[in-house]
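What follows is model.txt (compact mmCIF, C-alpha atoms and all ligand atoms).
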# COMPACT_ATOMS: atom_id res chain seq x y z
CA MET A 1 -78.50 -92.03 -90.57
CA PHE A 2 -77.45 -88.44 -90.02
CA ALA A 3 -76.03 -86.41 -92.91
CA SER A 4 -73.43 -84.75 -90.71
CA ARG A 5 -69.77 -85.75 -90.86
CA TYR A 6 -67.02 -85.53 -88.25
CA LEU A 7 -63.24 -85.23 -88.32
CA VAL A 8 -61.11 -86.23 -85.34
CA ARG A 9 -58.15 -84.02 -84.39
CA PHE A 10 -55.50 -84.38 -81.67
CA ASP A 11 -53.36 -81.37 -80.71
CA ASP A 12 -50.10 -81.00 -78.77
CA ILE A 13 -48.56 -84.17 -80.15
CA CYS A 14 -44.84 -84.28 -79.31
CA SER A 15 -42.25 -86.69 -77.95
CA THR A 16 -43.09 -85.81 -74.30
CA MET A 17 -46.88 -86.13 -74.53
CA ASN A 18 -48.99 -88.42 -72.36
CA TRP A 19 -48.01 -91.78 -73.91
CA ARG A 20 -49.93 -93.88 -71.39
CA ILE A 21 -53.27 -92.36 -72.40
CA TRP A 22 -52.17 -92.20 -76.04
CA ALA A 23 -51.66 -95.97 -76.23
CA GLU A 24 -55.37 -96.53 -75.57
CA ILE A 25 -56.41 -93.71 -77.90
CA GLU A 26 -54.31 -95.17 -80.68
CA SER A 27 -55.72 -98.67 -80.32
CA CYS A 28 -59.25 -97.24 -80.31
CA LEU A 29 -58.51 -95.31 -83.54
CA HIS A 30 -57.07 -98.44 -85.17
CA ALA A 31 -59.99 -100.60 -84.03
CA HIS A 32 -62.45 -98.28 -85.82
CA ASP A 33 -60.13 -97.50 -88.75
CA ILE A 34 -60.28 -93.77 -87.97
CA LYS A 35 -57.70 -91.54 -89.66
CA PRO A 36 -57.31 -88.47 -87.44
CA ILE A 37 -55.51 -85.16 -87.88
CA ILE A 38 -52.42 -85.31 -85.67
CA ALA A 39 -51.15 -81.81 -84.87
CA ILE A 40 -47.44 -81.99 -84.08
CA VAL A 41 -45.30 -79.40 -82.30
CA PRO A 42 -42.02 -79.57 -84.27
CA ARG A 43 -39.71 -78.17 -81.53
CA ASN A 44 -41.61 -78.06 -78.27
CA ARG A 45 -40.55 -75.42 -75.73
CA ASP A 46 -43.81 -75.39 -73.74
CA LYS A 47 -43.31 -76.96 -70.29
CA LYS A 48 -47.03 -77.78 -70.12
CA LEU A 49 -46.54 -80.28 -72.93
CA ILE A 50 -43.83 -82.17 -71.02
CA VAL A 51 -45.97 -84.86 -69.45
CA ASP A 52 -43.94 -88.01 -70.01
CA ILE A 53 -40.33 -88.95 -70.68
CA PRO A 54 -39.42 -88.28 -74.35
CA ARG A 55 -39.91 -91.17 -76.74
CA ARG A 56 -36.83 -91.74 -78.87
CA ASP A 57 -38.90 -93.29 -81.63
CA PHE A 58 -41.29 -90.34 -81.84
CA TRP A 59 -40.63 -89.42 -85.47
CA GLU A 60 -40.63 -93.06 -86.49
CA ARG A 61 -44.15 -93.26 -85.07
CA VAL A 62 -45.14 -90.12 -86.98
CA ARG A 63 -43.86 -91.65 -90.23
CA GLU A 64 -45.94 -94.76 -89.53
CA TRP A 65 -49.05 -92.67 -88.88
CA GLN A 66 -48.57 -90.75 -92.10
CA ALA A 67 -48.08 -94.02 -94.01
CA LEU A 68 -51.44 -95.19 -92.60
CA GLY A 69 -53.18 -92.13 -94.08
CA TRP A 70 -53.32 -90.10 -90.88
CA VAL A 71 -53.02 -86.42 -91.66
CA ILE A 72 -50.15 -84.51 -90.13
CA GLY A 73 -50.78 -81.02 -88.78
CA LEU A 74 -48.13 -78.36 -88.26
CA HIS A 75 -48.91 -77.16 -84.73
CA GLY A 76 -46.79 -74.00 -84.64
CA TYR A 77 -43.06 -74.09 -84.10
CA GLU A 78 -42.17 -74.09 -80.38
CA HIS A 79 -45.69 -73.71 -78.90
CA ARG A 80 -44.55 -70.57 -77.08
CA MET A 81 -46.75 -67.58 -76.41
CA ILE A 82 -45.13 -64.50 -77.96
CA THR A 83 -48.05 -62.05 -78.23
CA ALA A 84 -51.45 -61.52 -76.64
CA SER A 85 -53.23 -61.40 -80.01
CA GLY A 86 -56.26 -63.50 -80.89
CA GLY A 87 -55.53 -63.16 -84.61
CA ILE A 88 -58.13 -63.94 -87.27
CA VAL A 89 -60.07 -66.62 -85.38
CA ASP A 90 -59.88 -64.54 -82.19
CA ILE A 91 -61.01 -66.88 -79.46
CA ASN A 92 -57.89 -66.83 -77.30
CA PRO A 93 -55.60 -63.83 -76.65
CA LYS A 94 -52.36 -65.81 -76.95
CA SER A 95 -50.23 -66.42 -79.99
CA GLU A 96 -46.94 -67.69 -81.30
CA PHE A 97 -47.63 -65.94 -84.63
CA ALA A 98 -50.41 -63.31 -84.74
CA GLY A 99 -48.91 -59.83 -84.55
CA VAL A 100 -45.36 -61.12 -85.08
CA ALA A 101 -43.40 -59.52 -87.98
CA ARG A 102 -43.83 -61.34 -91.29
CA GLU A 103 -40.10 -62.08 -91.71
CA VAL A 104 -39.96 -63.60 -88.20
CA GLN A 105 -43.00 -65.74 -88.94
CA TYR A 106 -41.41 -66.84 -92.21
CA THR A 107 -38.19 -67.90 -90.46
CA LYS A 108 -40.05 -69.81 -87.73
CA LEU A 109 -42.36 -71.62 -90.11
CA GLN A 110 -39.56 -72.38 -92.53
CA GLN A 111 -37.58 -73.97 -89.68
CA ALA A 112 -40.69 -75.86 -88.55
CA VAL A 113 -41.23 -77.29 -92.03
CA ARG A 114 -37.53 -78.16 -92.27
CA ILE A 115 -37.75 -80.23 -89.07
CA PHE A 116 -40.57 -82.25 -90.63
CA GLU A 117 -38.67 -82.63 -93.91
CA ASP A 118 -35.51 -83.77 -92.11
CA GLU A 119 -37.61 -86.45 -90.43
CA GLY A 120 -39.19 -87.55 -93.71
CA VAL A 121 -42.65 -86.26 -92.78
CA ARG A 122 -44.85 -84.00 -94.91
CA PRO A 123 -47.00 -81.48 -92.98
CA ASP A 124 -50.44 -81.40 -94.60
CA VAL A 125 -52.41 -78.82 -92.66
CA TRP A 126 -51.89 -75.78 -90.44
CA VAL A 127 -53.12 -76.13 -86.84
CA ALA A 128 -52.30 -72.92 -84.96
CA PRO A 129 -51.45 -73.05 -81.25
CA TRP A 130 -54.30 -71.29 -79.38
CA HIS A 131 -56.10 -70.94 -82.76
CA SER A 132 -54.21 -67.70 -83.25
CA PHE A 133 -52.56 -66.50 -86.49
CA ASP A 134 -52.89 -63.57 -88.88
CA ALA A 135 -52.90 -62.76 -92.62
CA ASN A 136 -49.08 -62.86 -92.70
CA THR A 137 -49.14 -66.41 -91.32
CA LEU A 138 -51.47 -67.51 -94.12
CA ASP A 139 -49.32 -65.85 -96.76
CA VAL A 140 -46.18 -67.58 -95.39
CA LEU A 141 -47.95 -70.97 -95.20
CA LYS A 142 -49.00 -70.64 -98.82
CA ARG A 143 -45.40 -69.85 -99.82
CA LEU A 144 -44.18 -72.89 -97.88
CA GLY A 145 -46.63 -75.14 -99.71
CA ILE A 146 -49.10 -75.79 -96.88
CA GLY A 147 -52.49 -75.46 -98.53
CA CYS A 148 -54.95 -76.31 -95.72
CA VAL A 149 -56.03 -74.75 -92.44
CA SER A 150 -57.88 -76.64 -89.70
CA ASP A 151 -59.60 -73.77 -87.89
CA GLY A 152 -62.41 -71.24 -87.94
CA PHE A 153 -66.15 -71.63 -87.62
CA GLY A 154 -68.85 -72.48 -90.10
CA MET A 155 -70.62 -75.66 -91.14
CA HIS A 156 -68.65 -76.54 -94.26
CA PRO A 157 -65.10 -76.13 -95.63
CA TRP A 158 -64.30 -73.24 -97.97
CA ARG A 159 -61.45 -71.76 -100.00
CA ASP A 160 -60.14 -68.31 -99.21
CA GLU A 161 -58.78 -65.70 -101.63
CA LEU A 162 -55.26 -67.22 -101.38
CA GLY A 163 -56.68 -70.59 -102.44
CA LEU A 164 -56.15 -72.14 -98.99
CA LEU A 165 -58.71 -74.78 -97.98
CA TRP A 166 -60.22 -74.03 -94.56
CA VAL A 167 -61.79 -76.97 -92.75
CA PRO A 168 -63.58 -75.49 -89.74
CA GLN A 169 -62.94 -76.75 -86.21
CA GLN A 170 -65.93 -76.17 -83.98
CA GLN A 171 -66.20 -78.87 -81.31
CA TRP A 172 -64.05 -80.03 -78.38
CA GLN A 173 -66.25 -83.02 -77.58
CA PHE A 174 -68.56 -84.94 -79.91
CA ARG A 175 -71.98 -83.34 -80.08
CA ARG A 176 -74.79 -84.71 -82.21
CA ILE A 177 -75.76 -82.25 -84.95
CA PRO A 178 -77.83 -83.50 -87.91
CA PHE A 179 -76.01 -81.61 -90.69
CA GLY A 180 -72.64 -79.99 -91.51
CA MET A 181 -69.01 -81.02 -91.12
CA TRP A 182 -67.51 -80.86 -87.66
CA THR A 183 -63.91 -81.17 -86.54
CA VAL A 184 -63.68 -82.38 -82.96
CA CYS A 185 -60.41 -81.28 -81.35
CA HIS A 186 -58.92 -83.25 -78.45
CA HIS A 187 -56.11 -82.51 -75.98
CA HIS A 188 -55.30 -85.79 -74.29
CA ASN A 189 -52.30 -84.76 -72.17
CA LEU A 190 -54.35 -84.13 -69.03
CA TRP A 191 -57.11 -86.67 -69.61
CA ASN A 192 -58.23 -88.87 -66.75
CA ARG A 193 -59.83 -92.31 -67.06
CA GLY A 194 -63.31 -90.85 -67.37
CA GLU A 195 -62.36 -88.56 -70.25
CA LEU A 196 -60.62 -91.41 -72.04
CA ASP A 197 -63.67 -93.66 -71.59
CA ARG A 198 -65.93 -90.94 -72.95
CA PHE A 199 -63.73 -90.61 -76.04
CA ILE A 200 -63.79 -94.39 -76.61
CA ARG A 201 -67.61 -94.38 -76.27
CA ASP A 202 -67.95 -91.41 -78.62
CA ILE A 203 -65.80 -93.03 -81.29
CA ALA A 204 -67.97 -96.16 -81.15
CA THR A 205 -71.13 -94.04 -81.40
CA PHE A 206 -69.99 -91.74 -84.21
CA SER A 207 -67.63 -94.03 -86.15
CA ARG A 208 -69.88 -94.32 -89.21
CA GLN A 209 -69.99 -90.55 -89.54
CA ILE A 210 -66.25 -89.97 -89.13
CA ILE A 211 -64.34 -89.21 -92.31
CA SER A 212 -60.66 -88.58 -93.02
CA PHE A 213 -59.12 -85.23 -93.90
CA ASP A 214 -58.01 -86.72 -97.21
CA GLU A 215 -61.64 -87.37 -98.17
CA VAL A 216 -62.41 -83.71 -97.45
CA ARG A 217 -59.37 -82.48 -99.35
CA ARG A 218 -60.37 -84.37 -102.49
CA ARG A 219 -63.71 -82.52 -102.78
CA ASN A 220 -64.19 -79.19 -104.50
CA TYR A 221 -65.10 -76.30 -102.27
CA GLY A 222 -65.73 -72.73 -103.32
CA GLU A 223 -65.90 -69.48 -101.43
CA ARG A 224 -67.54 -69.32 -98.09
CA SER A 225 -71.33 -69.06 -98.33
CA ALA A 226 -73.27 -66.22 -96.70
CA LEU A 227 -74.83 -68.82 -94.40
CA ASP A 228 -71.41 -70.02 -93.27
CA CYS A 229 -70.27 -66.43 -92.64
CA LEU A 230 -73.35 -65.95 -90.50
CA SER A 231 -72.75 -69.20 -88.66
CA ASP A 232 -69.16 -68.06 -88.00
CA VAL A 233 -70.48 -65.03 -86.11
CA THR A 234 -73.03 -67.17 -84.25
CA PHE A 235 -70.52 -69.87 -83.26
CA HIS A 236 -68.09 -67.26 -82.10
CA ARG A 237 -70.66 -65.66 -79.83
CA MET A 238 -71.89 -69.00 -78.50
CA LEU A 239 -68.35 -70.15 -77.73
CA ARG A 240 -67.50 -66.94 -75.92
CA MET A 241 -70.71 -67.14 -73.91
CA ARG A 242 -69.99 -70.75 -72.98
CA LEU A 243 -66.43 -69.99 -71.96
CA LEU A 244 -67.17 -66.76 -70.17
CA VAL A 245 -70.39 -67.77 -68.47
CA LYS A 246 -70.10 -67.54 -64.72
CA LYS A 247 -70.26 -70.92 -63.08
CA PRO A 248 -69.38 -72.18 -59.63
CA LYS A 249 -65.60 -72.49 -59.45
CA ASP A 250 -65.50 -76.29 -59.63
CA GLN A 251 -67.60 -76.30 -62.84
CA ARG A 252 -65.84 -73.45 -64.62
CA VAL A 253 -64.52 -74.28 -68.06
CA ASP A 254 -60.74 -74.30 -68.19
CA VAL A 255 -60.36 -72.27 -71.36
CA ASN A 256 -56.66 -73.01 -71.80
CA ARG A 257 -57.19 -76.70 -71.59
CA TYR A 258 -59.62 -76.65 -74.51
CA LEU A 259 -58.02 -74.06 -76.74
CA GLU A 260 -54.30 -74.81 -76.74
ZN ZN B 1 -51.49 -76.64 -78.67

Reformat the file's structure so that it appears as structure tokens.
Amino acid sequence: MFASRYLVRFDDICSTMNWRIWAEIESCLHAHDIKPIIAIVPRNRDKKLIVDIPRRDFWERVREWQALGWVIGLHGYEHRMITASGGIVDINPKSEFAGVAREVQYTKLQQAVRIFEDEGVRPDVWVAPWHSFDANTLDVLKRLGIGCVSDGFGMHPWRDELGLLWVPQQQWQFRRIPFGMWTVCHHHNLWNRGELDRFIRDIATFSRQIISFDEVRRRNYGERSALDCLSDVTFHRMLRMRLLVKKPKDQRVDVNRYLE
């Protein structure tokens, strides 16, 4: 049995997402009793996330997921690119928040949280669109009572100087690693049958190593270790190399598809 642990995350969850694929994902998650992080766009204005006709019972579903112990992520406000800043994590030069004035960020995030509250849903963790946000974003999140961030690189969670718990997110497909804690982020909107089948296979393979965000949140974590800081730099370089490496056109990694 490996000592490593995995968290499952789904981004770009909104009323117009790909519900056909989602139905199979959801039954797979239930079958293995997996409690994922579900990153919800509170007020979607990104045309790329309009894949299906809007579900009228969307928020009802979200309330059910939260009642089951699934963890609800705040995935920005409108999922609109405002700046070309990579922010703190700096893997994608697109942002709805990084480089935006603090007062504007406060207003947007306050409205985002209000949408959740009006729907009777509590956002547990920050999941930035395009992984991009800055120090002002973190300060505003803290003021709004959101104490966790799902982002960054490293092998273990840590607490920053504001007291926010960072749970790193380092994989976009399950990869076997014998140690550490790994969040595997999925974007199902454009999945085909093969990608869905791979996910279902991966969940069956890794199910005994998958834990819930709540289990992570209950543990005590201190500052980031020197080893984790070093691994941050290494992951960052490896990811950039993987994304930027020249490949024949049909094999090239679609960066946007993975990092939104
Ligand atoms: Zn997104």

Could you please extract the residues within 8 Å of ligand ZN 1 (chain B), counting all atoms listed in the file, and hand them back as number ranges by chain?
A: 11-12, 41, 75, 79, 128-130, 187, 259-260

Considering all atoms listed in the file, can you say which of A:Asp214, A:Asp57, A:Asp90, A:Glu223 comes closest to Leu162 of chain A?
A:Glu223

Shell of 10 Å around Gly163 of chain A, all atoms listed in the file, local chain residues under 4 positions omitted, as an NGL selection string
:A and (142 or 147-148 or 158-159 or 222-223)

Shell of 10 Å around Gln105 of chain A, all atoms listed in the file, local chain residues under 2 positions omitted, as a ChimeraX atom specification
/A:77,96-103,107-111,133,136-137,140-141

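With distances taken over all atoms listed in the file, A:Arg9 is the one residue among A:Thr16, A:Tyr106, A:Arg219, A:Arg9 lying closest to Asp151 of chain A.
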
Counting all atoms listed in the file, the residue among A:Glu161, A:Asp139, A:Glu117, A:Glu215 that lies closest to Pro36 of chain A is A:Glu215

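With all atoms listed in the file as the atoms that count, the residue of A:Ile21, A:Met181, A:Ala84, A:Leu190 with the shortest distance to Lys48 of chain A is A:Leu190.
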
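Every protein or nucleic acid residue with an atom no more than 7 Å from Pro157 of chain A, counting all atoms listed in the file and leaving out same-chain residues fewer than 4 positions away, appears here: Leu165, Trp166, Val167, Pro168 and Tyr221 of chain A.
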
For the residues selected in the previous step, produce a file with C-alpha atoms as a short mmCIF file (atom, residue, chain, number, x, y, z; two decimals), in the coordinates of the input.
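Below is the file that was written, result_0.cif:
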data_model
loop_
_atom_site.label_atom_id
_atom_site.label_comp_id
_atom_site.auth_asym_id
_atom_site.auth_seq_id
_atom_site.Cartn_x
_atom_site.Cartn_y
_atom_site.Cartn_z
CA LEU A 165 -58.71 -74.78 -97.98
CA TRP A 166 -60.22 -74.03 -94.56
CA VAL A 167 -61.79 -76.97 -92.75
CA PRO A 168 -63.58 -75.49 -89.74
CA TYR A 221 -65.10 -76.30 -102.27
#

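Using all atoms listed in the file, the protein and nucleic acid residues lying no more than 8 Å from segment 170-178 of chain A, apart from those fewer than 6 places from it along its own chain, are A:Phe2, A:Ala3, A:Ser4, A:Asp151, A:Gly152, A:Phe153, A:Gly154, A:Val184, A:Cys185, A:His186, A:Asp202, A:Phe235, A:Tyr258.
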
Output the selection as a PDB file, in the coordinates of the input - C-alpha atoms for each residue.
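selection-v3.pdb, written as the output of this step:
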ATOM      1  CA  PHE A   2     -77.450 -88.440 -90.020  1.00  0.00           C
ATOM      2  CA  ALA A   3     -76.030 -86.410 -92.910  1.00  0.00           C
ATOM      3  CA  SER A   4     -73.430 -84.750 -90.710  1.00  0.00           C
ATOM      4  CA  ASP A 151     -59.600 -73.770 -87.890  1.00  0.00           C
ATOM      5  CA  GLY A 152     -62.410 -71.240 -87.940  1.00  0.00           C
ATOM      6  CA  PHE A 153     -66.150 -71.630 -87.620  1.00  0.00           C
ATOM      7  CA  GLY A 154     -68.850 -72.480 -90.100  1.00  0.00           C
ATOM      8  CA  VAL A 184     -63.680 -82.380 -82.960  1.00  0.00           C
ATOM      9  CA  CYS A 185     -60.410 -81.280 -81.350  1.00  0.00           C
ATOM     10  CA  HIS A 186     -58.920 -83.250 -78.450  1.00  0.00           C
ATOM     11  CA  ASP A 202     -67.950 -91.410 -78.620  1.00  0.00           C
ATOM     12  CA  PHE A 235     -70.520 -69.870 -83.260  1.00  0.00           C
ATOM     13  CA  TYR A 258     -59.620 -76.650 -74.510  1.00  0.00           C
TER      14      TYR A 258
END
